[in-house]
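Presented below is the structure to which this report refers.
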Amino acid sequence: MKNIKIKWNLGLLYDSIDDPKLEADMVKIEEAARLFREKYYGKESEFLKDENAFFEAFTDYEKLCEIVDIDRSGYYLDRLLDMDTNNEKVAALGVVFEERATKVQNSISFFLLIMAKIPLEKQNEFLQSEKLARYYYFLKISFDSAKYDLSEKEEELISEFASPGMGMWVQNTENLLGKFSIKYQG
């Protein structure tokens, strides 16, 4: 039986694990989250007052999510680890980046928690707004599920433990399965 070797070209993302762009991309994500939090945290009365202010805030949130969701660094480190599950340097850096990504998520979680607590009459106004029409489904789901939201501190605590715990479970399972080899004669 032939062994099939698969080699991914991760050089399209970064030159190596020591590429300064890896850190620069993570810093860009952290900075974008910091600026968003600085602009909106504790200022609900400003951006929840009318649909124009809310539209601006939600559009800023959407742009931030595009930056945060394009976590090239995390994807890169995950794929490197997929190719070499015994690479301790990649695993260690992956844990550090995962912790930083969790902090970013926690720093912006306030926005959805506050948004979901908008009074019912204002929710209906926003849901009927032409300007916010493209966000209807997201807003509707957020408003409907608000009763299950915890406080910001409680949500952060769950995030701190859930993400690494689940990530470690998945990574260990992948590592174990990646070491198996099956020979098939057919």
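Residue numbers start at 1 in each chain; chains themselves are named A, B, ... in the order of the structure tokens; ligands are numbered from 1 in the order shown.
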
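Omitting Lys147 (chain A) and its sequence neighbours fewer than 4 positions away, and counting only C-alpha atoms, the residues within 10 Å are Ala116, Lys117, Ser142 and Phe143 of chain A.
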
Using only C-alpha atoms, which residues of region 61-168 of chain A come within 12 Å of region 10-29 of chain A, and what is the closest atom pair for each, with the distance in Å to one decimal? Give it as a Markdown table, sorted by chain and residue number.
| residue | atom | partner | partner_atom | distance |
| --- | --- | --- | --- | --- |
| A:Lys63 | CA | A:Ile29 | CA | 11.3 |
| A:Leu64 | CA | A:Ile29 | CA | 8.3 |
| A:Cys65 | CA | A:Ile29 | CA | 9.5 |
| A:Glu66 | CA | A:Ile29 | CA | 9.8 |
| A:Ile67 | CA | A:Ile29 | CA | 6.3 |
| A:Val68 | CA | A:Ile29 | CA | 5.7 |
| A:Asp69 | CA | A:Ile29 | CA | 9.1 |
| A:Ile70 | CA | A:Ile29 | CA | 9.0 |
| A:Asp71 | CA | A:Met26 | CA | 7.6 |
| A:Arg72 | CA | A:Leu13 | CA | 7.0 |
| A:Ser73 | CA | A:Leu22 | CA | 5.6 |
| A:Gly74 | CA | A:Met26 | CA | 8.7 |
| A:Tyr75 | CA | A:Leu13 | CA | 9.1 |
| A:Tyr76 | CA | A:Leu13 | CA | 6.9 |
| A:Leu77 | CA | A:Ile17 | CA | 7.9 |
| A:Asp78 | CA | A:Leu10 | CA | 10.8 |
| A:Arg79 | CA | A:Leu10 | CA | 8.0 |
| A:Leu80 | CA | A:Leu10 | CA | 8.0 |
| A:Leu81 | CA | A:Ile17 | CA | 11.0 |
| A:Asp82 | CA | A:Leu10 | CA | 11.7 |
| A:Met83 | CA | A:Leu10 | CA | 10.6 |
| A:Asn87 | CA | A:Ile17 | CA | 11.2 |
| A:Glu88 | CA | A:Ile17 | CA | 11.9 |
| A:Lys89 | CA | A:Ile17 | CA | 8.7 |
| A:Val90 | CA | A:Ile17 | CA | 7.3 |
| A:Ala91 | CA | A:Ile17 | CA | 11.0 |
| A:Ala92 | CA | A:Ile17 | CA | 11.4 |
| A:Leu93 | CA | A:Ile17 | CA | 8.8 |
| A:Gly94 | CA | A:Ile17 | CA | 10.3 |
| A:Val96 | CA | A:Met26 | CA | 10.8 |
| A:Phe97 | CA | A:Met26 | CA | 7.7 |
| A:Glu98 | CA | A:Met26 | CA | 10.3 |
| A:Glu99 | CA | A:Met26 | CA | 11.3 |
| A:Arg100 | CA | A:Met26 | CA | 8.2 |
| A:Ala101 | CA | A:Met26 | CA | 8.1 |
| A:Thr102 | CA | A:Ile29 | CA | 11.5 |
| A:Lys103 | CA | A:Ile29 | CA | 10.8 |
| A:Val104 | CA | A:Ile29 | CA | 7.7 |
| A:Gln105 | CA | A:Ile29 | CA | 10.2 |
| A:Ser107 | CA | A:Ile29 | CA | 11.5 |
| A:Ile108 | CA | A:Ile29 | CA | 11.5 |

- Task: Please identify which residues in chain A DSSP calls helix (DSSP H, G or I) from the backbone, and express them as JSON, numbers by chain.
- Result: {"A": [10, 11, 12, 20, 21, 22, 23, 24, 25, 26, 27, 28, 29, 30, 31, 32, 33, 34, 35, 36, 37, 38, 39, 40, 44, 45, 46, 47, 51, 52, 53, 54, 55, 56, 57, 58, 59, 60, 61, 62, 63, 64, 65, 66, 67, 68, 69, 72, 73, 74, 75, 76, 77, 78, 79, 80, 81, 82, 83, 88, 89, 90, 91, 92, 93, 94, 95, 96, 97, 98, 99, 100, 101, 102, 103, 104, 105, 106, 107, 108, 109, 110, 111, 112, 113, 114, 115, 116, 120, 121, 122, 123, 124, 125, 126, 127, 128, 133, 134, 135, 136, 137, 138, 139, 140, 141, 142, 143, 144, 145, 146, 147, 148, 152, 153, 154, 155, 156, 157, 158, 159, 160, 161, 162, 163, 164, 165, 166, 167, 168, 169, 170, 171, 172, 173, 174, 175, 176, 177, 178]}

- Message: One number please: CA of Pro119 (chain A) to CA of Ala32 (chain A), in Å, one decimal.
- Response: 28.6 Å

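Here CA of Ile141 (chain A) is placed at a distance of 15.2 Å from CA of Glu125 (chain A).
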
- Item | Residues near Leu112 (chain A), cut-off 10 Å, only C-alpha atoms, skip fewer than 6 positions along chain, as a list in words |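 The filter keeps Phe58, Tyr61, Leu139, Ser142, Phe143, Ala146, Asp149 and Glu152 of chain A.
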
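You will find CA of Glu160 (chain A) at 19.9 Å from CA of Ile114 (chain A).
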
- Item | Counting only C-alpha atoms, the residue of A:Glu156, A:Glu44, A:Asp144, A:Glu51 that sits nearest Glu130 (chain A) | A:Glu51

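Ranking A:Ala33, A:Ile118, A:Ala53, A:Val95 by their shortest atom-to-atom distance to Leu132 (chain A), with only C-alpha atoms included, puts A:Ala53 first.
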